[in-house]
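Listing of start-v5.cif, mmCIF, C-alpha atoms
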data_entry
#
loop_
_atom_site.group_PDB
_atom_site.id
_atom_site.type_symbol
_atom_site.label_atom_id
_atom_site.label_comp_id
_atom_site.auth_asym_id
_atom_site.auth_seq_id
_atom_site.Cartn_x
_atom_site.Cartn_y
_atom_site.Cartn_z
ATOM 1 C CA MET A 1 60.348 -5.242 54.560
ATOM 2 C CA THR A 2 60.121 -4.917 50.823
ATOM 3 C CA THR A 3 56.974 -4.802 48.753
ATOM 4 C CA THR A 4 56.639 -6.420 45.354
ATOM 5 C CA THR A 5 54.531 -4.699 42.683
ATOM 6 C CA SER A 6 52.831 -7.038 40.244
ATOM 7 C CA THR A 7 53.044 -6.011 36.585
ATOM 8 C CA GLU A 8 50.726 -8.699 35.264
ATOM 9 C CA THR A 9 47.641 -7.568 33.396
ATOM 10 C CA PRO A 10 44.322 -8.779 34.865
ATOM 11 C CA ALA A 11 42.519 -11.335 32.744
ATOM 12 C CA ALA A 12 39.570 -8.971 32.242
ATOM 13 C CA GLN A 13 41.880 -6.323 30.773
ATOM 14 C CA GLN A 14 43.901 -8.615 28.520
ATOM 15 C CA PRO A 15 43.228 -8.216 24.780
ATOM 16 C CA ALA A 16 41.090 -10.824 23.167
ATOM 17 C CA PRO A 17 42.890 -13.467 21.100
ATOM 18 C CA GLY A 18 43.393 -12.309 17.527
ATOM 19 C CA SER A 19 42.795 -8.628 18.324
ATOM 20 C CA THR A 20 45.330 -5.861 17.858
ATOM 21 C CA PRO A 21 46.764 -4.517 21.133
ATOM 22 C CA GLY A 22 45.839 -0.913 21.807
ATOM 23 C CA ARG A 23 42.709 -0.971 19.613
ATOM 24 C CA ARG A 24 39.248 -0.945 21.160
ATOM 25 C CA PRO A 25 37.091 -3.952 20.279
ATOM 26 C CA GLN A 26 34.209 -3.137 17.935
ATOM 27 C CA ARG A 27 30.783 -3.208 19.483
ATOM 28 C CA ARG A 28 28.124 -5.453 18.133
ATOM 29 C CA GLY A 29 25.731 -3.741 15.747
ATOM 30 C CA THR A 30 28.189 -1.029 14.722
ATOM 31 C CA MET A 31 29.324 -0.740 11.099
ATOM 32 C CA THR A 32 32.781 -0.040 9.834
ATOM 33 C CA THR A 33 33.392 2.890 7.525
ATOM 34 C CA ARG A 34 33.702 0.581 4.539
ATOM 35 C CA THR A 35 30.415 -1.167 5.329
ATOM 36 C CA ARG A 36 28.678 2.163 5.831
ATOM 37 C CA VAL A 37 29.924 3.503 2.491
ATOM 38 C CA LEU A 38 28.886 0.342 0.637
ATOM 39 C CA SER A 39 25.432 0.341 2.233
ATOM 40 C CA HIS A 40 24.859 4.002 1.345
ATOM 41 C CA PHE A 41 26.045 3.324 -2.205
ATOM 42 C CA ALA A 42 23.679 0.361 -2.577
ATOM 43 C CA LEU A 43 20.748 2.343 -1.169
ATOM 44 C CA SER A 44 21.517 5.239 -3.513
ATOM 45 C CA ILE A 45 21.508 2.927 -6.541
ATOM 46 C CA ALA A 46 18.241 1.326 -5.402
ATOM 47 C CA SER A 47 16.663 4.770 -4.908
ATOM 48 C CA ILE A 48 17.709 5.880 -8.380
ATOM 49 C CA ILE A 49 16.259 2.710 -9.914
ATOM 50 C CA ALA A 50 12.979 3.264 -8.054
ATOM 51 C CA VAL A 51 12.665 6.980 -8.831
ATOM 52 C CA PHE A 52 13.852 6.918 -12.456
ATOM 53 C CA PRO A 53 10.604 5.581 -14.033
ATOM 54 C CA ILE A 54 8.569 8.212 -12.183
ATOM 55 C CA GLY A 55 10.928 10.988 -13.208
ATOM 56 C CA TRP A 56 10.908 9.765 -16.805
ATOM 57 C CA LEU A 57 7.101 9.748 -16.835
ATOM 58 C CA VAL A 58 6.996 13.327 -15.551
ATOM 59 C CA TYR A 59 9.577 14.325 -18.169
ATOM 60 C CA LEU A 60 7.576 12.800 -21.021
ATOM 61 C CA SER A 61 4.415 14.523 -19.797
ATOM 62 C CA LEU A 62 6.074 17.882 -20.479
ATOM 63 C CA GLY A 63 6.378 17.183 -24.208
ATOM 64 C CA PRO A 64 3.522 18.900 -26.087
ATOM 65 C CA ASP A 65 3.450 16.454 -29.045
ATOM 66 C CA LYS A 66 2.282 12.851 -28.903
ATOM 67 C CA ASP A 67 5.425 11.627 -30.675
ATOM 68 C CA ASP A 68 7.881 13.341 -28.336
ATOM 69 C CA TYR A 69 8.533 10.070 -26.533
ATOM 70 C CA LEU A 70 10.359 8.921 -29.685
ATOM 71 C CA HIS A 71 12.756 11.878 -29.420
ATOM 72 C CA PRO A 72 13.021 12.658 -25.688
ATOM 73 C CA GLY A 73 16.031 14.924 -26.177
ATOM 74 C CA ARG A 74 13.856 17.492 -27.987
ATOM 75 C CA ILE A 75 11.495 17.932 -25.032
ATOM 76 C CA LEU A 76 13.923 20.207 -23.171
ATOM 77 C CA SER A 77 13.671 22.865 -25.872
ATOM 78 C CA LYS A 78 9.858 22.973 -25.774
ATOM 79 C CA VAL A 79 8.803 22.135 -22.225
ATOM 80 C CA SER A 80 5.100 22.845 -21.793
ATOM 81 C CA PHE A 81 2.239 22.132 -19.394
ATOM 82 C CA SER A 82 -0.276 22.026 -22.223
ATOM 83 C CA ASN A 83 -0.886 18.303 -21.708
ATOM 84 C CA TYR A 84 -2.083 18.911 -18.144
ATOM 85 C CA SER A 85 -4.375 21.749 -19.158
ATOM 86 C CA PHE A 86 -5.841 19.693 -22.006
ATOM 87 C CA VAL A 87 -6.520 16.702 -19.748
ATOM 88 C CA MET A 88 -8.257 18.828 -17.112
ATOM 89 C CA GLU A 89 -10.232 21.015 -19.522
ATOM 90 C CA HIS A 90 -11.105 18.781 -22.494
ATOM 91 C CA THR A 91 -11.502 15.319 -21.009
ATOM 92 C CA GLN A 92 -13.674 13.791 -18.285
ATOM 93 C CA PHE A 93 -10.759 13.682 -15.866
ATOM 94 C CA PHE A 94 -12.635 15.183 -12.917
ATOM 95 C CA THR A 95 -15.549 12.813 -13.518
ATOM 96 C CA TRP A 96 -13.141 9.888 -13.459
ATOM 97 C CA LEU A 97 -11.527 11.317 -10.340
ATOM 98 C CA GLY A 98 -14.855 11.638 -8.553
ATOM 99 C CA ASN A 99 -15.876 8.097 -9.504
ATOM 100 C CA THR A 100 -12.554 6.700 -8.308
ATOM 101 C CA ALA A 101 -12.666 8.658 -5.049
ATOM 102 C CA LEU A 102 -16.201 7.390 -4.380
ATOM 103 C CA VAL A 103 -15.316 3.765 -5.041
ATOM 104 C CA ALA A 104 -11.979 3.933 -3.207
ATOM 105 C CA GLY A 105 -13.474 5.713 -0.197
ATOM 106 C CA ALA A 106 -16.369 3.265 0.143
ATOM 107 C CA THR A 107 -14.029 0.312 -0.330
ATOM 108 C CA CYS A 108 -11.702 1.697 2.335
ATOM 109 C CA VAL A 109 -14.431 2.237 4.943
ATOM 110 C CA ILE A 110 -16.351 -0.996 4.340
ATOM 111 C CA GLY A 111 -13.299 -3.160 3.730
ATOM 112 C CA VAL A 112 -11.353 -1.962 6.764
ATOM 113 C CA PHE A 113 -14.366 -2.380 9.048
ATOM 114 C CA ILE A 114 -14.999 -5.950 7.857
ATOM 115 C CA ALA A 115 -11.302 -6.825 8.049
ATOM 116 C CA ALA A 116 -10.926 -5.287 11.514
ATOM 117 C CA SER A 117 -13.967 -7.063 12.939
ATOM 118 C CA THR A 118 -12.828 -10.357 11.384
ATOM 119 C CA GLY A 119 -9.269 -9.993 12.647
ATOM 120 C CA TYR A 120 -10.468 -9.060 16.127
ATOM 121 C CA ALA A 121 -12.888 -11.990 16.308
ATOM 122 C CA VAL A 122 -10.206 -14.491 15.306
ATOM 123 C CA SER A 123 -7.671 -12.918 17.645
ATOM 124 C CA ARG A 124 -9.890 -12.858 20.730
ATOM 125 C CA MET A 125 -12.607 -15.491 20.283
ATOM 126 C CA ARG A 126 -12.247 -19.238 19.949
ATOM 127 C CA PHE A 127 -15.297 -20.269 17.952
ATOM 128 C CA PRO A 128 -15.478 -23.519 15.937
ATOM 129 C CA GLY A 129 -13.506 -23.220 12.713
ATOM 130 C CA TYR A 130 -11.761 -19.928 13.499
ATOM 131 C CA LYS A 131 -8.434 -21.257 12.196
ATOM 132 C CA LYS A 132 -10.026 -22.644 9.043
ATOM 133 C CA LEU A 133 -11.630 -19.242 8.420
ATOM 134 C CA MET A 134 -8.242 -17.538 8.183
ATOM 135 C CA TRP A 135 -6.937 -20.250 5.869
ATOM 136 C CA VAL A 136 -9.979 -19.860 3.631
ATOM 137 C CA LEU A 137 -9.281 -16.129 3.428
ATOM 138 C CA LEU A 138 -5.684 -16.902 2.513
ATOM 139 C CA VAL A 139 -6.701 -19.368 -0.208
ATOM 140 C CA THR A 140 -8.920 -16.743 -1.875
ATOM 141 C CA GLN A 141 -5.777 -14.703 -2.591
ATOM 142 C CA MET A 142 -4.311 -17.481 -4.728
ATOM 143 C CA PHE A 143 -6.705 -17.112 -7.679
ATOM 144 C CA PRO A 144 -5.621 -14.771 -10.504
ATOM 145 C CA VAL A 145 -7.890 -11.964 -11.652
ATOM 146 C CA ALA A 146 -8.433 -13.548 -15.068
ATOM 147 C CA VAL A 147 -10.035 -16.589 -13.422
ATOM 148 C CA LEU A 148 -12.332 -14.528 -11.186
ATOM 149 C CA ILE A 149 -13.707 -12.073 -13.742
ATOM 150 C CA VAL A 150 -16.165 -14.447 -15.449
ATOM 151 C CA PRO A 151 -17.826 -15.924 -12.330
ATOM 152 C CA MET A 152 -17.961 -12.495 -10.698
ATOM 153 C CA TYR A 153 -19.563 -11.040 -13.807
ATOM 154 C CA VAL A 154 -22.226 -13.763 -13.778
ATOM 155 C CA ILE A 155 -22.959 -13.208 -10.081
ATOM 156 C CA LEU A 156 -23.158 -9.432 -10.422
ATOM 157 C CA ALA A 157 -25.368 -9.751 -13.536
ATOM 158 C CA ASP A 158 -27.787 -11.976 -11.616
ATOM 159 C CA LEU A 159 -27.875 -9.365 -8.834
ATOM 160 C CA GLY A 160 -28.429 -6.537 -11.315
ATOM 161 C CA LEU A 161 -25.244 -4.740 -10.253
ATOM 162 C CA ILE A 162 -23.432 -4.511 -13.582
ATOM 163 C CA ASP A 163 -22.464 -0.919 -14.425
ATOM 164 C CA THR A 164 -22.937 0.239 -10.818
ATOM 165 C CA TYR A 165 -20.478 1.526 -8.243
ATOM 166 C CA GLY A 166 -21.694 -1.125 -5.821
ATOM 167 C CA ALA A 167 -20.306 -3.840 -8.081
ATOM 168 C CA LEU A 168 -16.785 -2.437 -7.923
ATOM 169 C CA ILE A 169 -17.020 -1.823 -4.174
ATOM 170 C CA LEU A 170 -18.039 -5.444 -3.516
ATOM 171 C CA VAL A 171 -15.351 -6.813 -5.819
ATOM 172 C CA TYR A 172 -12.601 -4.646 -4.352
ATOM 173 C CA CYS A 173 -13.654 -5.542 -0.801
ATOM 174 C CA SER A 174 -13.466 -9.237 -1.666
ATOM 175 C CA THR A 175 -9.919 -8.605 -2.875
ATOM 176 C CA ALA A 176 -8.672 -6.425 -0.016
ATOM 177 C CA VAL A 177 -10.425 -7.907 3.033
ATOM 178 C CA PRO A 178 -8.521 -11.254 3.206
ATOM 179 C CA TYR A 179 -5.093 -9.636 3.317
ATOM 180 C CA CYS A 180 -6.205 -6.876 5.691
ATOM 181 C CA ALA A 181 -7.846 -9.418 8.014
ATOM 182 C CA TRP A 182 -4.559 -11.290 8.326
ATOM 183 C CA LEU A 183 -2.686 -8.030 8.858
ATOM 184 C CA LEU A 184 -5.020 -6.751 11.560
ATOM 185 C CA LYS A 185 -5.265 -10.124 13.264
ATOM 186 C CA GLY A 186 -1.518 -10.040 13.793
ATOM 187 C CA TYR A 187 -1.748 -6.493 15.120
ATOM 188 C CA PHE A 188 -4.597 -7.299 17.527
ATOM 189 C CA ASP A 189 -2.503 -10.181 18.903
ATOM 190 C CA THR A 190 0.017 -7.609 20.171
ATOM 191 C CA ILE A 191 -2.627 -5.736 22.208
ATOM 192 C CA PRO A 192 -2.842 -7.143 25.765
ATOM 193 C CA TYR A 193 -5.948 -9.200 26.476
ATOM 194 C CA GLU A 194 -6.245 -7.446 29.856
ATOM 195 C CA ILE A 195 -7.655 -4.414 28.033
ATOM 196 C CA ASP A 196 -10.627 -6.497 26.899
ATOM 197 C CA GLU A 197 -11.152 -7.785 30.423
ATOM 198 C CA ALA A 198 -11.033 -4.249 31.819
ATOM 199 C CA GLY A 199 -13.671 -3.164 29.305
ATOM 200 C CA ARG A 200 -15.971 -5.979 30.309
ATOM 201 C CA VAL A 201 -15.519 -5.123 33.985
ATOM 202 C CA ASP A 202 -16.644 -1.592 33.133
ATOM 203 C CA GLY A 203 -19.796 -2.999 31.533
ATOM 204 C CA LEU A 204 -18.867 -2.785 27.858
ATOM 205 C CA THR A 205 -20.194 -5.324 25.398
ATOM 206 C CA PRO A 206 -17.691 -7.198 23.188
ATOM 207 C CA PHE A 207 -18.464 -4.802 20.327
ATOM 208 C CA GLY A 208 -18.170 -1.815 22.679
ATOM 209 C CA THR A 209 -14.760 -3.040 23.803
ATOM 210 C CA PHE A 210 -13.707 -3.477 20.197
ATOM 211 C CA TRP A 211 -15.007 -0.063 19.121
ATOM 212 C CA ARG A 212 -14.026 2.088 22.103
ATOM 213 C CA LEU A 213 -10.842 0.455 23.393
ATOM 214 C CA ILE A 214 -9.188 -1.744 20.774
ATOM 215 C CA LEU A 215 -9.627 0.293 17.595
ATOM 216 C CA PRO A 216 -7.992 3.465 19.026
ATOM 217 C CA LEU A 217 -4.965 1.357 19.991
ATOM 218 C CA ALA A 218 -4.819 -0.221 16.537
ATOM 219 C CA ARG A 219 -4.464 2.998 14.536
ATOM 220 C CA PRO A 220 -1.129 2.044 12.908
ATOM 221 C CA GLY A 221 -2.552 -1.258 11.693
ATOM 222 C CA LEU A 222 -5.755 0.413 10.525
ATOM 223 C CA ALA A 223 -3.706 2.998 8.630
ATOM 224 C CA VAL A 224 -1.871 0.265 6.720
ATOM 225 C CA ALA A 225 -5.128 -1.548 5.947
ATOM 226 C CA ALA A 226 -6.784 1.679 4.784
ATOM 227 C CA PHE A 227 -3.846 2.560 2.561
ATOM 228 C CA TYR A 228 -3.830 -0.920 1.013
ATOM 229 C CA THR A 229 -7.565 -0.878 0.282
ATOM 230 C CA CYS A 230 -7.290 2.596 -1.261
ATOM 231 C CA LEU A 231 -4.486 1.442 -3.547
ATOM 232 C CA THR A 232 -6.464 -1.660 -4.488
ATOM 233 C CA ALA A 233 -9.398 0.440 -5.668
ATOM 234 C CA TRP A 234 -7.461 3.423 -6.997
ATOM 235 C CA GLY A 235 -5.353 1.807 -9.693
ATOM 236 C CA GLU A 236 -7.300 -1.356 -10.557
ATOM 237 C CA TYR A 237 -8.157 -1.763 -14.225
ATOM 238 C CA ALA A 238 -9.348 -5.301 -15.072
ATOM 239 C CA PHE A 239 -12.528 -5.368 -12.962
ATOM 240 C CA ALA A 240 -13.374 -1.715 -13.623
ATOM 241 C CA SER A 241 -13.089 -2.067 -17.397
ATOM 242 C CA THR A 242 -15.269 -5.211 -17.362
ATOM 243 C CA PHE A 243 -18.064 -4.219 -14.974
ATOM 244 C CA MET A 244 -18.431 -0.508 -15.868
ATOM 245 C CA LEU A 245 -20.043 0.047 -19.282
ATOM 246 C CA ASP A 246 -21.044 3.725 -19.171
ATOM 247 C CA ASP A 247 -18.128 6.069 -19.924
ATOM 248 C CA GLY A 248 -19.575 8.500 -17.392
ATOM 249 C CA LYS A 249 -18.854 5.934 -14.674
ATOM 250 C CA TYR A 250 -15.272 5.161 -15.674
ATOM 251 C CA THR A 251 -12.598 5.217 -13.014
ATOM 252 C CA LEU A 252 -9.192 6.820 -13.532
ATOM 253 C CA ALA A 253 -7.538 3.595 -14.646
ATOM 254 C CA VAL A 254 -10.172 2.971 -17.334
ATOM 255 C CA GLY A 255 -10.161 6.615 -18.396
ATOM 256 C CA LEU A 256 -6.395 6.484 -18.724
ATOM 257 C CA SER A 257 -6.670 3.650 -21.242
ATOM 258 C CA SER A 258 -8.945 5.767 -23.455
ATOM 259 C CA PHE A 259 -5.889 7.655 -24.713
ATOM 260 C CA VAL A 260 -4.663 4.509 -26.445
ATOM 261 C CA SER A 261 -6.767 3.098 -29.276
ATOM 262 C CA GLU A 262 -6.195 0.575 -32.037
ATOM 263 C CA HIS A 263 -4.870 3.155 -34.513
ATOM 264 C CA ASP A 264 -3.596 5.958 -32.297
ATOM 265 C CA ALA A 265 -1.760 6.453 -29.004
ATOM 266 C CA GLN A 266 -1.585 9.837 -27.261
ATOM 267 C CA TRP A 267 1.326 9.050 -24.981
ATOM 268 C CA ASN A 268 1.827 12.666 -23.936
ATOM 269 C CA LEU A 269 -1.726 12.929 -22.582
ATOM 270 C CA MET A 270 -1.471 9.493 -21.034
ATOM 271 C CA ALA A 271 1.733 10.489 -19.200
ATOM 272 C CA ALA A 272 0.176 13.715 -17.915
ATOM 273 C CA THR A 273 -2.924 11.866 -16.701
ATOM 274 C CA ALA A 274 -0.778 9.268 -14.949
ATOM 275 C CA VAL A 275 1.051 12.013 -13.071
ATOM 276 C CA LEU A 276 -2.240 13.595 -12.017
ATOM 277 C CA ILE A 277 -3.524 10.208 -10.861
ATOM 278 C CA ALA A 278 -0.452 9.706 -8.667
ATOM 279 C CA ILE A 279 -0.813 13.031 -6.811
ATOM 280 C CA PRO A 280 -3.796 12.066 -4.552
ATOM 281 C CA VAL A 281 -2.213 8.699 -3.709
ATOM 282 C CA SER A 282 1.036 10.425 -2.795
ATOM 283 C CA ALA A 283 -0.881 12.790 -0.510
ATOM 284 C CA VAL A 284 -2.576 9.855 1.240
ATOM 285 C CA PHE A 285 0.786 8.129 1.646
ATOM 286 C CA TYR A 286 2.257 11.293 3.178
ATOM 287 C CA LEU A 287 -0.555 11.434 5.746
ATOM 288 C CA VAL A 288 -0.237 7.808 6.885
ATOM 289 C CA GLN A 289 3.484 7.183 6.421
ATOM 290 C CA LYS A 290 4.290 7.529 10.136
ATOM 291 C CA HIS A 291 1.956 4.614 10.876
ATOM 292 C CA LEU A 292 3.019 2.331 8.028
ATOM 293 C CA VAL A 293 6.219 0.875 9.497
ATOM 294 C CA THR A 294 4.648 0.361 12.921
ATOM 295 C CA GLY A 295 1.552 -1.244 11.470
ATOM 296 C CA LEU A 296 3.500 -3.568 9.169
ATOM 297 C CA THR A 297 5.968 -4.805 11.788
ATOM 298 C CA ALA A 298 3.803 -4.945 14.930
ATOM 299 C CA GLY A 299 2.409 -8.378 14.173
ATOM 300 C CA GLY A 300 5.812 -9.940 13.564
ATOM 301 C CA THR A 301 6.729 -10.597 17.198
ATOM 302 C CA LYS A 302 3.595 -12.354 18.318
ATOM 303 C CA GLY A 303 1.316 -14.584 16.334
#
Take the structure in the file and write it out as structure tokens.
Amino acid sequence: MTTTTSTETPAAQQPAPGSTPGRRPQRRGTMTTRTRVLSHFALSIASIIAVFPIGWLVYLSLGPDKDDYLHPGRILSKVSFSNYSFVMEHTQFFTWLGNTALVAGATCVIGVFIAASTGYAVSRMRFPGYKKLMWVLLVTQMFPVAVLIVPMYVILADLGLIDTYGALILVYCSTAVPYCAWLLKGYFDTIPYEIDEAGRVDGLTPFGTFWRLILPLARPGLAVAAFYTCLTAWGEYAFASTFMLDDGKYTLAVGLSSFVSEHDAQWNLMAATAVLIAIPVSAVFYLVQKHLVTGLTAGGTKG
């Protein structure tokens, strides 16, 4: 008896139509060498474009004369930190810094708390008009600052809040809360509702559940909201220059503009002050950066 050995290739092992025999098929999600090189090149160009203005600002701040920006090539031969020492010793920089930190800190705490409670209420409770509330908050973001300054000034003047820190805190909260409420509402939607039910079984009130159970789980979203509110208050100029009249209450953005007048512009001091202003914000970003991506993307899968 003879045996016959089949030399046919099983269908599962046959190469796919159009593929080269002997070459492994490329997995989905993997990039070729050419694609990887092009993507790294594009990201490098984008990084250079993003970093160049900051680097140029730092470079100009090292020129000791106010006209050095007209001849940037001469700065290398006379690099100096005299602009930084002048700003910190002969201007009200630390007063501006303290005012800005006070306003930004209060805006962050009050704004995040209001936004978190609003987002949680809309996410968990079904009260009449809860959908319309979120749309109203969204509509408030559509008005430009130039349109809002006059009515806000009239309201704050009637309340006697002009030239007070409370005026800026209220204005900045009205700007930051709508966006943060939408952001946190999307994040709270990703937290299982069973956690709320477990809290109520344990005897917690709705606010106790929100404060003791939900907020600790929402740290990434809260970090994004806090960072956004800080940025809103830290670098804002239009409201601060309109509502603050006493130069002892100026914020950093308004103080920065004092280096440019109608007949003179001290660009070297302005560049040095801008660099100093960016340092605290960069430190805050470094502290919360691990939560930013999680907090920004968590609400994208469930709404």
**Request:** Enumerate, as an MDAnalysis selection string, the residues matched when the PyMOL selection byres ((chain A and resi 170) around 10) is run on the file above.
**Result:** chainID A and resid 103 106:107 110:111 156 161 165:169 171:175
Mind listing as a short mmCIF file (atom, residue, chain, number, x, y, z; two decimals) with C-alpha atoms, keeping the file's coordinate frame all residues within 10 Å of (-3.6, -2.4, -0.7), counting all atoms listed in the file?
data_model
loop_
_atom_site.label_atom_id
_atom_site.label_comp_id
_atom_site.auth_asym_id
_atom_site.auth_seq_id
_atom_site.Cartn_x
_atom_site.Cartn_y
_atom_site.Cartn_z
CA CYS A 108 -11.70 1.70 2.34
CA TYR A 172 -12.60 -4.65 -4.35
CA THR A 175 -9.92 -8.60 -2.88
CA ALA A 176 -8.67 -6.42 -0.02
CA VAL A 177 -10.42 -7.91 3.03
CA TYR A 179 -5.09 -9.64 3.32
CA CYS A 180 -6.20 -6.88 5.69
CA VAL A 224 -1.87 0.26 6.72
CA ALA A 225 -5.13 -1.55 5.95
CA ALA A 226 -6.78 1.68 4.78
CA PHE A 227 -3.85 2.56 2.56
CA TYR A 228 -3.83 -0.92 1.01
CA THR A 229 -7.56 -0.88 0.28
CA CYS A 230 -7.29 2.60 -1.26
CA LEU A 231 -4.49 1.44 -3.55
CA THR A 232 -6.46 -1.66 -4.49
CA ALA A 233 -9.40 0.44 -5.67
CA TRP A 234 -7.46 3.42 -7.00
#
### Query
Which protein, DNA or RNA residues are at most 12 Å from (-4.3, -9.4, -14.7) in the file's coordinates when you count all atoms listed in the file, listed as a list of chain:residue names?
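The answer, in the requested form, is A:Phe143, A:Pro144, A:Val145, A:Ala146, A:Val147, A:Leu148, A:Ile149, A:Glu236, A:Tyr237, A:Ala238, A:Phe239, A:Ala240, A:Ser241.
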Given the PyMOL selection byres ((chain A and resi 277-289) around 9), the residues it picks as an MDAnalysis selection string = chainID A and resid 97 220 223:224 227 230:231 234:235 252:253 272:276 290:293
With the PyMOL selection byres ((chain A and resi 63) around 12) as the selection, what would be picked from this file? Answer as a PyMOL selection string, please.
chain A and resi 56-62+64-84+266-272
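Distances here use only C-alpha atoms; by that measure, the residue among A:Ile214, A:Leu102, A:Leu159, A:Leu204 closest to Ser117 (chain A) is A:Ile214.
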